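Presented below is the structure to which this report refers.
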Amino acid sequence: MSLPVGWRKEWGVLLIAALLALPLFTPRLYAADELKYLTHLRSVYFDGDVHYGNDYRMLIEQDRVANAWLEEFGTPTVTGRHLNDAPIGTPLLWAPAYVLADVVVVVARAMGSEVARDGFSRPYILAVTVASLLYGLMGLALCYRACRLYFDRGPSQLAILAVWFASAMVFYLYITPPMAHSTSVFAVALFTWLWLSGRGSERTVRQWVALGCSAGLMVLVRELNWLMMIPLLFDEGWRTLQELRRRHWKPLQARIPAYLAYGAAVGLVVLPQFLVYQALHGSFSPTPFVTDKFSYPQFVLDVLFSGFHGLYSWHPITLLATLGFWWLARRDPVVAGGMALAFLAQVLVVGSYATWWGGASFGARRFLNCTPFFAVGLAALLAAVPREREWMARVGVAALVVWNFGVALQYSTGMIPREQPV
């Protein structure tokens with residue numbers, strides 16, 4: 001059975017890219033944040049609690065060298081529990097795959113297999129890494145749909161391939177999939193798609209609830225994703241301002257229940273995270289391990305241009321995507337303004353963080369949540385290229401993909417230091 005011609009034109013190139021990139025996929029855990037996410041899931045599923053002491057001991061016993069850093073979480077907090085500063089959104093998204101892996105393990109053991117049913121063995125790791133890969137690919141598909149709301153197929157496809165393979169996305173989608181970045185791209189892309197696709201008409205209360213649930217999900221995945229709601233707030237704020245200037249009171253009054261429904265949906269979805277905070281360290285705020293590192297935005301230029309994981313210096317495609325907001329403003333200034341404000345807010349927040357470089361990360365990984373905005377901005381820039389020069393745009397994107405893979409190879413082999421400036 002052949003696929004419809006229209007579907008092949010829309011998705012064929014992206015599907016081929018996804019298949020060709022599969023050999024890059026590395027289903028394993030590297031320690032650090034990935035273990036914290038998996039610990040959340042294992043403790044709730046196997047132990048029915050959020051006491052992580054036994055989970056940390058299991059991981060340390062498995063590898064006393066690689067997992068020795070977990071000793072710093074061995075001291076109980078004021079609530080008698082052990083700290084885990086990782087948000088719970090990624091474990092929630094992993095849960096279906098994790099449960100399926102456990103079913104497979106139970107069946108395999110009943111048939112004589114000796115695979116460990118401990119929540120940390122190979123089937124569980126394979127399940128969560130594959131889940132991350134699928135969420136990341138779905139996120140890229142939603143980014144493409146967002147681009148197609150404004151631009152033709154050609155620039156939209158090229159923009160997605162660019163943010164996919166010329167940014168840190170390719171590394172955290174395939175080489176280090178258990179980090180929260182793939183799930184974060186999915187959650188932010190879902191929110192962005194729901195926001196943009198619903199702008200043409202008045203949303204129903206049900207649509208506002210769906211939008212609120214998607215907003216809450218992206219915050220559950222990464223706390224920094226609160227900033228990704230700025231475009232929606234800017235959009236609605238601008239619309240409300242225009243109505244007030246024209247003295248159109250009724251549309252605003254009619255939307256108030258919808259706004260309340262949106263806020264309630266966000267609050268209800270995010271509430272479990274605050275309850276986990278309270279249970280782990282006796283406060284509804286993020287752990288001091290996170291909050292104590294913030295000051296003022298003194299590292300903004302480093303965040304963008306430093307050789308120590310700077311966004312633009314490591315991934316030049318993101319500079320072009322940011323410049324694309326100018327061309328996007330010609331098509332829709334409100335959308336462009338909202339996306340630009342969210343990006344600027346993130347630069348300021350990350351630039352206020354004591355460990356702004358993101359540890360031993362591949363480039364500026366903390367900006368992967370901006371991937372949907374980068375995709376739309378880059379599509380706007382590519383759509384502005386004259387037809388007779390489109391080949392130059394394709395060659396330029398290909399060159400930046402080669403650049404990114406070259407940097408990734410040097411990073412992976414140790415030619416580029418992981419926790420020092422280049």
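Residues in the structure tokens are named by chain (A, B, ... in the order shown) and by number from 1 within that chain; ligands are numbered from 1 in the order shown.
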
Return as a tab-separated table the residues of region 12-45 of chain A lying at most 12 Å from region 57-75 of chain A, together with the closest atom-to-atom pair for each and the distance in Å to one decimal, counting only C-alpha atoms, with rows in chain order and ascending residue number.
```
residue	atom	partner	partner_atom	distance
A:Leu29	CA	A:Ala66	CA	10.7
A:Tyr30	CA	A:Ala66	CA	8.5
A:Ala31	CA	A:Asn67	CA	6.6
A:Ala32	CA	A:Trp69	CA	7.9
A:Asp33	CA	A:Leu70	CA	10.6
A:Glu34	CA	A:Asn67	CA	11.5
A:Leu35	CA	A:Leu59	CA	8.4
A:Lys36	CA	A:Leu70	CA	9.3
A:Leu38	CA	A:Leu59	CA	10.7
A:Thr39	CA	A:Leu59	CA	9.2
A:Arg42	CA	A:Met58	CA	11.2
A:Ser43	CA	A:Met58	CA	11.5
```

Exercise for review: DSSP on the backbone, then: every residue of region 182-223 of chain A marked alpha helix (DSSP H), written as a PyMOL selection string.
Suggested key: chain A and resi 182-197+205-221

Distance query Met339 (chain A) at most 10 Å, only C-alpha atoms, self and fewer than 3 positions along chain excluded, as a CSV table (one decimal) with all heavy atoms, in the first residue's frame:
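The result, stored in out-v6.csv:
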```csv
chain,number,residue,atom,x,y,z
A,192,THR,N,3.5,25.1,21.7
A,192,THR,CA,3.6,26.1,20.7
A,192,THR,C,2.6,25.8,19.5
A,192,THR,O,2.0,26.7,19.0
A,192,THR,CB,5.0,26.1,20.1
A,192,THR,OG1,5.9,26.4,21.2
A,192,THR,CG2,5.2,27.1,19.0
A,228,MET,N,8.6,29.7,28.5
A,228,MET,CA,8.0,29.4,27.2
A,228,MET,C,6.5,29.8,27.1
A,228,MET,O,6.0,29.7,26.0
A,228,MET,CB,8.2,27.9,26.8
A,228,MET,CG,9.7,27.4,26.8
A,228,MET,SD,10.7,28.3,25.6
A,228,MET,CE,11.6,29.5,26.6
A,229,MET,N,5.9,30.2,28.2
A,229,MET,CA,4.6,30.7,28.1
A,229,MET,C,4.5,32.2,27.8
A,229,MET,O,3.4,32.7,27.5
A,229,MET,CB,3.9,30.4,29.5
A,229,MET,CG,3.4,29.0,29.7
A,229,MET,SD,2.3,28.9,31.2
A,229,MET,CE,3.6,28.6,32.4
A,230,ILE,N,5.7,32.8,27.7
A,230,ILE,CA,5.7,34.3,27.5
A,230,ILE,C,5.1,34.6,26.1
A,230,ILE,O,4.3,35.6,26.0
A,230,ILE,CB,7.1,34.8,27.5
A,230,ILE,CG1,7.6,34.8,29.0
A,230,ILE,CG2,7.3,36.2,26.9
A,230,ILE,CD1,9.1,35.2,29.2
A,231,PRO,N,5.3,33.9,25.0
A,231,PRO,CA,4.6,34.2,23.8
A,231,PRO,C,3.1,34.3,23.8
A,231,PRO,O,2.5,35.2,23.3
A,231,PRO,CB,5.1,33.2,22.8
A,231,PRO,CG,6.4,32.7,23.4
A,231,PRO,CD,6.3,32.8,24.8
A,232,LEU,N,2.5,33.3,24.5
A,232,LEU,CA,1.1,33.3,24.7
A,232,LEU,C,0.6,34.5,25.5
A,232,LEU,O,-0.4,35.1,25.1
A,232,LEU,CB,0.6,32.0,25.4
A,232,LEU,CG,-0.9,31.9,25.8
A,232,LEU,CD1,-1.7,31.9,24.5
A,232,LEU,CD2,-1.1,30.7,26.7
A,234,PHE,N,2.1,37.3,25.9
A,234,PHE,CA,2.3,38.5,25.0
A,234,PHE,C,1.2,38.6,24.0
A,234,PHE,O,0.7,39.7,23.8
A,234,PHE,CB,3.7,38.4,24.4
A,234,PHE,CG,4.0,39.6,23.5
A,234,PHE,CD1,4.4,40.8,24.1
A,234,PHE,CD2,3.9,39.6,22.2
A,234,PHE,CE1,4.7,41.9,23.3
A,234,PHE,CE2,4.2,40.7,21.4
A,234,PHE,CZ,4.6,41.9,22.0
A,235,ASP,N,0.9,37.5,23.4
A,235,ASP,CA,-0.2,37.5,22.4
A,235,ASP,C,-1.5,37.9,23.0
A,235,ASP,O,-2.2,38.8,22.4
A,235,ASP,CB,-0.3,36.1,21.8
A,235,ASP,CG,-1.2,36.0,20.6
A,235,ASP,OD1,-1.6,37.0,20.1
A,235,ASP,OD2,-1.6,34.8,20.3
A,322,THR,N,17.7,33.2,15.4
A,322,THR,CA,17.3,34.4,16.1
A,322,THR,C,17.1,35.6,15.2
A,322,THR,O,16.2,36.3,15.4
A,322,THR,CB,18.4,34.7,17.2
A,322,THR,OG1,18.6,33.5,18.0
A,322,THR,CG2,18.0,35.8,18.1
A,325,PHE,N,13.8,36.0,13.5
A,325,PHE,CA,12.6,36.6,14.2
A,325,PHE,C,12.3,38.0,13.5
A,325,PHE,O,11.1,38.4,13.5
A,325,PHE,CB,12.9,36.9,15.7
A,325,PHE,CG,13.0,35.6,16.5
A,325,PHE,CD1,13.8,35.6,17.6
A,325,PHE,CD2,12.2,34.5,16.1
A,325,PHE,CE1,13.9,34.4,18.4
A,325,PHE,CE2,12.3,33.3,16.9
A,325,PHE,CZ,13.1,33.3,18.0
A,328,LEU,N,10.3,37.0,10.6
A,328,LEU,CA,9.0,36.6,11.1
A,328,LEU,C,8.1,37.7,11.5
A,328,LEU,O,6.9,37.7,11.3
A,328,LEU,CB,9.2,35.6,12.3
A,328,LEU,CG,7.9,35.1,13.0
A,328,LEU,CD1,7.1,34.2,12.0
A,328,LEU,CD2,8.3,34.2,14.2
A,333,PRO,N,4.0,40.2,13.6
A,333,PRO,CA,4.9,40.8,14.6
A,333,PRO,C,4.6,40.4,16.0
A,333,PRO,O,5.5,40.4,16.9
A,333,PRO,CB,4.6,42.3,14.4
A,333,PRO,CG,3.3,42.3,13.7
A,333,PRO,CD,3.2,41.1,12.8
A,334,VAL,N,3.4,40.0,16.3
A,334,VAL,CA,3.0,39.6,17.7
A,334,VAL,C,3.7,38.2,18.0
A,334,VAL,O,4.3,38.1,19.1
A,334,VAL,CB,1.5,39.5,17.9
A,334,VAL,CG1,1.2,39.0,19.2
A,334,VAL,CG2,0.9,40.9,17.7
A,335,VAL,N,3.6,37.3,17.1
A,335,VAL,CA,4.2,36.0,17.3
A,335,VAL,C,5.7,36.2,17.4
A,335,VAL,O,6.4,35.6,18.3
A,335,VAL,CB,3.9,35.0,16.2
A,335,VAL,CG1,4.7,33.8,16.2
A,335,VAL,CG2,2.4,34.6,16.3
A,336,ALA,N,6.3,36.9,16.5
A,336,ALA,CA,7.8,37.2,16.5
A,336,ALA,C,8.2,37.9,17.8
A,336,ALA,O,9.2,37.5,18.4
A,336,ALA,CB,8.2,38.0,15.3
A,342,ALA,N,10.6,35.6,24.9
A,342,ALA,CA,10.8,34.3,25.6
A,342,ALA,C,12.3,34.0,25.5
A,342,ALA,O,12.9,33.6,26.5
A,342,ALA,CB,10.0,33.2,25.0
A,343,PHE,N,12.9,34.1,24.3
A,343,PHE,CA,14.3,33.8,24.1
A,343,PHE,C,15.2,34.7,25.0
A,343,PHE,O,16.1,34.3,25.6
A,343,PHE,CB,14.7,33.9,22.6
A,343,PHE,CG,16.1,33.8,22.4
A,343,PHE,CD1,16.8,32.6,22.6
A,343,PHE,CD2,16.9,34.9,22.0
A,343,PHE,CE1,18.2,32.5,22.3
A,343,PHE,CE2,18.2,34.8,21.7
A,343,PHE,CZ,18.9,33.6,21.9
A,344,LEU,N,14.9,36.0,24.9
A,344,LEU,CA,15.6,37.0,25.7
A,344,LEU,C,15.5,36.7,27.2
A,344,LEU,O,16.5,36.8,27.9
A,344,LEU,CB,15.1,38.4,25.4
A,344,LEU,CG,15.8,39.6,26.2
A,344,LEU,CD1,17.3,39.6,25.9
A,344,LEU,CD2,15.1,40.9,25.9
A,345,ALA,N,14.3,36.4,27.7
A,345,ALA,CA,14.1,36.0,29.1
A,345,ALA,C,15.0,34.8,29.5
A,345,ALA,O,15.6,34.8,30.5
A,345,ALA,CB,12.7,35.8,29.4
A,370,CYS,N,14.0,26.0,23.3
A,370,CYS,CA,13.7,27.1,22.3
A,370,CYS,C,13.6,26.5,20.9
A,370,CYS,O,13.4,27.3,20.0
A,370,CYS,CB,14.7,28.2,22.4
A,370,CYS,SG,14.7,29.2,23.9
A,372,PRO,N,11.4,24.9,19.1
A,372,PRO,CA,10.2,25.3,18.2
A,372,PRO,C,10.3,26.8,17.8
A,372,PRO,O,10.0,27.1,16.6
A,372,PRO,CB,9.0,25.1,19.2
A,372,PRO,CG,9.5,24.1,20.2
A,372,PRO,CD,10.9,24.4,20.4
A,373,PHE,N,10.8,27.7,18.6
A,373,PHE,CA,10.9,29.1,18.2
A,373,PHE,C,12.0,29.3,17.2
A,373,PHE,O,11.9,30.0,16.2
A,373,PHE,CB,11.2,30.0,19.4
A,373,PHE,CG,10.2,29.9,20.5
A,373,PHE,CD1,10.5,30.3,21.8
A,373,PHE,CD2,8.9,29.3,20.3
A,373,PHE,CE1,9.6,30.2,22.8
A,373,PHE,CE2,8.0,29.2,21.3
A,373,PHE,CZ,8.3,29.7,22.6
A,374,PHE,N,13.1,28.5,17.4
A,374,PHE,CA,14.2,28.6,16.4
A,374,PHE,C,13.8,28.1,15.1
A,374,PHE,O,14.2,28.6,14.0
A,374,PHE,CB,15.4,27.8,16.9
A,374,PHE,CG,16.2,28.4,18.1
A,374,PHE,CD1,16.9,27.6,19.0
A,374,PHE,CD2,16.2,29.7,18.3
A,374,PHE,CE1,17.6,28.1,20.0
A,374,PHE,CE2,16.9,30.3,19.4
A,374,PHE,CZ,17.6,29.5,20.2
A,376,VAL,N,10.7,28.1,13.7
A,376,VAL,CA,9.9,29.1,13.0
A,376,VAL,C,10.7,30.3,12.6
A,376,VAL,O,10.5,30.8,11.5
A,376,VAL,CB,8.7,29.5,14.0
A,376,VAL,CG1,7.9,30.6,13.3
A,376,VAL,CG2,7.9,28.3,14.3
A,377,GLY,N,11.6,30.8,13.4
A,377,GLY,CA,12.4,31.9,13.0
A,377,GLY,C,13.3,31.5,11.8
A,377,GLY,O,13.5,32.3,10.9
```

**Study point:** Surrounding residues of Leu140 (chain A) excluding itself and chain neighbours under 3 positions, 12 Å, only C-alpha atoms, as a PyMOL selection string
**Key:** chain A and resi 11+14-15+17-18+133-137+143-147+156-157+159-165+169-170+173+182-190+192-193+368-376

Could the residues in this selection be saved with N, CA and C atoms as a short mmCIF file (atom, residue, chain, number, x, y, z; two decimals), in the first residue's frame?
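Saved file result_39.cif follows:
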```cif
data_model
loop_
_atom_site.label_atom_id
_atom_site.label_comp_id
_atom_site.auth_asym_id
_atom_site.auth_seq_id
_atom_site.Cartn_x
_atom_site.Cartn_y
_atom_site.Cartn_z
N TRP A 11 6.12 14.79 4.41
CA TRP A 11 6.86 14.12 5.47
C TRP A 11 7.97 13.20 4.99
N LEU A 14 11.65 14.23 5.92
CA LEU A 14 11.90 14.15 7.35
C LEU A 14 11.91 12.69 7.83
N LEU A 15 11.05 11.86 7.25
CA LEU A 15 11.04 10.44 7.61
C LEU A 15 12.34 9.76 7.20
N ALA A 17 15.24 11.21 6.84
CA ALA A 17 16.28 11.71 7.75
C ALA A 17 16.25 10.96 9.08
N ALA A 18 15.04 10.71 9.59
CA ALA A 18 14.90 10.00 10.86
C ALA A 18 15.45 8.57 10.74
N LEU A 133 13.67 9.15 22.47
CA LEU A 133 13.87 9.33 21.04
C LEU A 133 12.54 9.61 20.34
N LEU A 134 11.52 8.84 20.67
CA LEU A 134 10.22 9.03 20.02
C LEU A 134 9.61 10.37 20.38
N TYR A 135 9.72 10.78 21.65
CA TYR A 135 9.20 12.09 22.04
C TYR A 135 9.93 13.20 21.30
N GLY A 136 11.24 13.07 21.17
CA GLY A 136 11.99 14.09 20.45
C GLY A 136 11.58 14.20 18.99
N LEU A 137 11.38 13.05 18.35
CA LEU A 137 10.95 13.05 16.94
C LEU A 137 9.54 13.63 16.80
N CYS A 143 7.13 20.87 15.50
CA CYS A 143 7.84 22.08 15.05
C CYS A 143 7.59 22.31 13.56
N TYR A 144 7.63 21.23 12.80
CA TYR A 144 7.39 21.36 11.36
C TYR A 144 5.97 21.84 11.09
N ARG A 145 5.00 21.29 11.82
CA ARG A 145 3.62 21.73 11.63
C ARG A 145 3.45 23.20 12.00
N ALA A 146 4.18 23.64 13.01
CA ALA A 146 4.13 25.06 13.38
C ALA A 146 4.70 25.93 12.25
N CYS A 147 5.80 25.49 11.67
CA CYS A 147 6.39 26.24 10.55
C CYS A 147 5.43 26.31 9.36
N SER A 156 10.29 25.25 5.35
CA SER A 156 9.92 24.60 6.62
C SER A 156 10.70 23.31 6.82
N GLN A 157 10.81 22.49 5.78
CA GLN A 157 11.58 21.25 5.89
C GLN A 157 13.05 21.54 6.16
N ALA A 159 14.33 24.15 7.55
CA ALA A 159 14.48 24.68 8.91
C ALA A 159 14.50 23.56 9.93
N ILE A 160 13.61 22.57 9.77
CA ILE A 160 13.57 21.46 10.73
C ILE A 160 14.85 20.63 10.64
N LEU A 161 15.31 20.34 9.44
CA LEU A 161 16.56 19.60 9.30
C LEU A 161 17.72 20.36 9.93
N ALA A 162 17.68 21.68 9.84
CA ALA A 162 18.76 22.50 10.40
C ALA A 162 18.77 22.45 11.93
N VAL A 163 17.61 22.68 12.56
CA VAL A 163 17.59 22.65 14.03
C VAL A 163 17.78 21.23 14.55
N TRP A 164 17.51 20.25 13.72
CA TRP A 164 17.65 18.85 14.08
C TRP A 164 19.12 18.43 14.11
N PHE A 165 19.84 18.77 13.06
CA PHE A 165 21.20 18.24 12.88
C PHE A 165 22.31 19.28 13.01
N MET A 169 20.49 19.51 19.38
CA MET A 169 19.37 18.55 19.34
C MET A 169 19.83 17.16 18.94
N VAL A 170 20.66 17.07 17.93
CA VAL A 170 21.07 15.76 17.43
C VAL A 170 21.82 14.98 18.51
N LEU A 173 19.25 13.94 21.27
CA LEU A 173 18.23 13.04 20.74
C LEU A 173 18.78 11.63 20.56
N SER A 182 14.92 15.95 25.04
CA SER A 182 14.00 15.47 24.01
C SER A 182 12.55 15.61 24.45
N THR A 183 12.28 15.24 25.69
CA THR A 183 10.92 15.38 26.19
C THR A 183 10.55 16.85 26.34
N SER A 184 11.53 17.70 26.63
CA SER A 184 11.27 19.13 26.74
C SER A 184 10.90 19.72 25.38
N VAL A 185 11.63 19.33 24.34
CA VAL A 185 11.30 19.80 22.99
C VAL A 185 9.89 19.37 22.61
N PHE A 186 9.54 18.14 22.95
CA PHE A 186 8.18 17.66 22.66
C PHE A 186 7.14 18.50 23.38
N ALA A 187 7.33 18.73 24.66
CA ALA A 187 6.33 19.45 25.45
C ALA A 187 6.18 20.89 24.99
N VAL A 188 7.31 21.58 24.74
CA VAL A 188 7.25 22.97 24.28
C VAL A 188 6.67 23.04 22.87
N ALA A 189 7.03 22.09 22.02
CA ALA A 189 6.49 22.08 20.66
C ALA A 189 4.98 21.84 20.67
N LEU A 190 4.52 20.97 21.56
CA LEU A 190 3.07 20.73 21.68
C LEU A 190 2.36 22.01 22.10
N THR A 192 3.45 25.09 21.74
CA THR A 192 3.59 26.08 20.66
C THR A 192 2.60 25.79 19.54
N TRP A 193 2.46 24.52 19.19
CA TRP A 193 1.53 24.15 18.12
C TRP A 193 0.09 24.47 18.51
N LEU A 368 17.71 24.13 24.28
CA LEU A 368 16.99 23.22 23.40
C LEU A 368 15.48 23.38 23.52
N ASN A 369 15.00 23.90 24.66
CA ASN A 369 13.56 24.13 24.76
C ASN A 369 13.09 25.23 23.82
N CYS A 370 14.02 26.04 23.31
CA CYS A 370 13.68 27.09 22.33
C CYS A 370 13.61 26.55 20.91
N THR A 371 13.82 25.25 20.72
CA THR A 371 13.84 24.66 19.38
C THR A 371 12.62 25.01 18.54
N PRO A 372 11.38 24.94 19.06
CA PRO A 372 10.23 25.33 18.24
C PRO A 372 10.31 26.78 17.76
N PHE A 373 10.79 27.68 18.61
CA PHE A 373 10.92 29.09 18.22
C PHE A 373 12.03 29.25 17.19
N PHE A 374 13.14 28.55 17.40
CA PHE A 374 14.23 28.61 16.43
C PHE A 374 13.78 28.09 15.07
N ALA A 375 12.98 27.02 15.08
CA ALA A 375 12.52 26.44 13.82
C ALA A 375 11.68 27.44 13.04
N VAL A 376 10.74 28.10 13.72
CA VAL A 376 9.87 29.06 13.04
C VAL A 376 10.68 30.27 12.58
#
```

Practice item. Do a neighbour search on Asp152 (chain A) at 10 Å with only C-alpha atoms, toss out local chain neighbours closer than 6 positions, and write the hits as an MDAnalysis selection string. Key: chainID A and resid 379:380 383

Selection export as a short mmCIF file (atom, residue, chain, number, x, y, z; two decimals), in the first residue's frame, atoms kept: N, CA, C and O atoms:
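Below you can see selection.cif, which holds the result:
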```cif
data_model
loop_
_atom_site.label_atom_id
_atom_site.label_comp_id
_atom_site.auth_asym_id
_atom_site.auth_seq_id
_atom_site.Cartn_x
_atom_site.Cartn_y
_atom_site.Cartn_z
N ALA A 379 12.76 29.21 9.57
CA ALA A 379 11.90 29.06 8.39
C ALA A 379 11.56 30.42 7.80
O ALA A 379 11.50 30.57 6.56
N ALA A 380 11.35 31.42 8.65
CA ALA A 380 11.08 32.78 8.16
C ALA A 380 12.27 33.32 7.40
O ALA A 380 12.11 33.95 6.34
N ALA A 383 12.57 31.40 4.09
CA ALA A 383 11.49 31.76 3.16
C ALA A 383 11.77 33.09 2.47
O ALA A 383 11.22 33.36 1.39
#
```

Exercise for review: Mind checking which residues fall within 10 Å of Ser132 (chain A), counting only C-alpha atoms, ignoring those fewer than 6 positions away in the same chain, and posting them as a PyMOL selection string?
Suggested key: chain A and resi 27+90+93-94+97+126+138+172-174+176-184+186

Can you spit out the residues from that selection as a PDB file, in the first residue's frame, using N, CA and C atoms?
```
ATOM      1  N   PRO A  27      21.423   3.752  23.264  1.00  0.00           N
ATOM      2  CA  PRO A  27      20.507   3.526  24.395  1.00  0.00           C
ATOM      3  C   PRO A  27      21.232   3.148  25.682  1.00  0.00           C
ATOM      4  N   THR A  90       9.640  14.300  32.905  1.00  0.00           N
ATOM      5  CA  THR A  90      10.223  13.274  32.037  1.00  0.00           C
ATOM      6  C   THR A  90       9.909  11.870  32.529  1.00  0.00           C
ATOM      7  N   LEU A  93       6.414  11.019  31.438  1.00  0.00           N
ATOM      8  CA  LEU A  93       6.317  10.701  30.012  1.00  0.00           C
ATOM      9  C   LEU A  93       6.944   9.346  29.698  1.00  0.00           C
ATOM     10  N   TRP A  94       7.954   8.963  30.458  1.00  0.00           N
ATOM     11  CA  TRP A  94       8.568   7.658  30.274  1.00  0.00           C
ATOM     12  C   TRP A  94       7.694   6.510  30.791  1.00  0.00           C
ATOM     13  N   ALA A  97       6.326   3.397  28.688  1.00  0.00           N
ATOM     14  CA  ALA A  97       7.388   2.529  28.175  1.00  0.00           C
ATOM     15  C   ALA A  97       8.034   1.737  29.301  1.00  0.00           C
ATOM     16  N   LEU A 126      16.607   0.619  28.018  1.00  0.00           N
ATOM     17  CA  LEU A 126      16.229   0.639  26.614  1.00  0.00           C
ATOM     18  C   LEU A 126      14.862   1.278  26.435  1.00  0.00           C
ATOM     19  N   MET A 138       8.665  13.308  17.745  1.00  0.00           N
ATOM     20  CA  MET A 138       7.320  13.904  17.709  1.00  0.00           C
ATOM     21  C   MET A 138       7.401  15.417  17.915  1.00  0.00           C
ATOM     22  N   TYR A 172      21.508  15.275  21.898  1.00  0.00           N
ATOM     23  CA  TYR A 172      20.644  14.864  23.010  1.00  0.00           C
ATOM     24  C   TYR A 172      19.454  14.036  22.558  1.00  0.00           C
ATOM     25  N   LEU A 173      19.255  13.936  21.267  1.00  0.00           N
ATOM     26  CA  LEU A 173      18.232  13.040  20.741  1.00  0.00           C
ATOM     27  C   LEU A 173      18.776  11.632  20.564  1.00  0.00           C
ATOM     28  N   TYR A 174      20.055  11.519  20.165  1.00  0.00           N
ATOM     29  CA  TYR A 174      20.612  10.214  19.818  1.00  0.00           C
ATOM     30  C   TYR A 174      21.731   9.748  20.743  1.00  0.00           C
ATOM     31  N   THR A 176      22.760  11.125  23.872  1.00  0.00           N
ATOM     32  CA  THR A 176      22.407  11.157  25.292  1.00  0.00           C
ATOM     33  C   THR A 176      20.895  11.302  25.426  1.00  0.00           C
ATOM     34  N   PRO A 177      20.136  10.327  24.975  1.00  0.00           N
ATOM     35  CA  PRO A 177      18.676  10.476  24.974  1.00  0.00           C
ATOM     36  C   PRO A 177      18.009  10.521  26.342  1.00  0.00           C
ATOM     37  N   PRO A 178      18.596   9.959  27.433  1.00  0.00           N
ATOM     38  CA  PRO A 178      17.837   9.970  28.682  1.00  0.00           C
ATOM     39  C   PRO A 178      17.802  11.320  29.402  1.00  0.00           C
ATOM     40  N   MET A 179      18.518  12.321  28.908  1.00  0.00           N
ATOM     41  CA  MET A 179      18.356  13.658  29.468  1.00  0.00           C
ATOM     42  C   MET A 179      16.928  14.139  29.158  1.00  0.00           C
ATOM     43  N   ALA A 180      16.531  15.231  29.786  1.00  0.00           N
ATOM     44  CA  ALA A 180      15.153  15.709  29.633  1.00  0.00           C
ATOM     45  C   ALA A 180      14.952  16.581  28.410  1.00  0.00           C
ATOM     46  N   HIS A 181      15.952  16.721  27.560  1.00  0.00           N
ATOM     47  CA  HIS A 181      15.855  17.695  26.473  1.00  0.00           C
ATOM     48  C   HIS A 181      14.919  17.236  25.349  1.00  0.00           C
ATOM     49  N   SER A 182      14.921  15.954  25.039  1.00  0.00           N
ATOM     50  CA  SER A 182      14.003  15.467  24.008  1.00  0.00           C
ATOM     51  C   SER A 182      12.553  15.614  24.453  1.00  0.00           C
ATOM     52  N   THR A 183      12.281  15.240  25.690  1.00  0.00           N
ATOM     53  CA  THR A 183      10.919  15.384  26.195  1.00  0.00           C
ATOM     54  C   THR A 183      10.545  16.854  26.339  1.00  0.00           C
ATOM     55  N   SER A 184      11.531  17.702  26.634  1.00  0.00           N
ATOM     56  CA  SER A 184      11.265  19.135  26.744  1.00  0.00           C
ATOM     57  C   SER A 184      10.897  19.721  25.382  1.00  0.00           C
ATOM     58  N   PHE A 186       9.542  18.136  22.951  1.00  0.00           N
ATOM     59  CA  PHE A 186       8.183  17.662  22.661  1.00  0.00           C
ATOM     60  C   PHE A 186       7.135  18.505  23.379  1.00  0.00           C
TER      61      PHE A 186
END
```

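Minimum atom-to-atom distances from A:Ala265, A:Ala168, A:Leu381, A:Val209 to Gly324 (chain A) were compared using only C-alpha atoms, and the lowest value belongs to A:Leu381.
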
Check your understanding: Which residue out of A:Gly200, A:Gly337, A:Gly53, A:Gly351 has the minimum interatomic distance to Phe299 (chain A) when only C-alpha atoms are used?
Key ->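 Residue with the minimum atom-to-atom distance to Phe299 (chain A): A:Gly351.
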
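Counting only C-alpha atoms and comparing A:Ala166, A:Trp356, A:Phe274, A:Leu19, the residue that lies closest to Ala321 (chain A) is A:Ala166.
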
Check your understanding: Quick one: residues within 12 Å of Ala264 (chain A), only C-alpha atoms counted, chain neighbours fewer than 2 positions away excluded, as a ChimeraX atom specification?
Key -> /A:205,208-213,215-216,257-262,266-271

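The closest residue to Arg331 (chain A), picked from A:Ala86, A:Leu142, A:Ala384, A:Val130 and counting only C-alpha atoms, is A:Ala384.
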
Review point. Do you have the CA of Ser313 (chain A)-CA of Pro155 (chain A) distance handy?
Key: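 Taking CA of Ser313 (chain A) as the start and CA of Pro155 (chain A) as the end point, the length is 23.7 Å.
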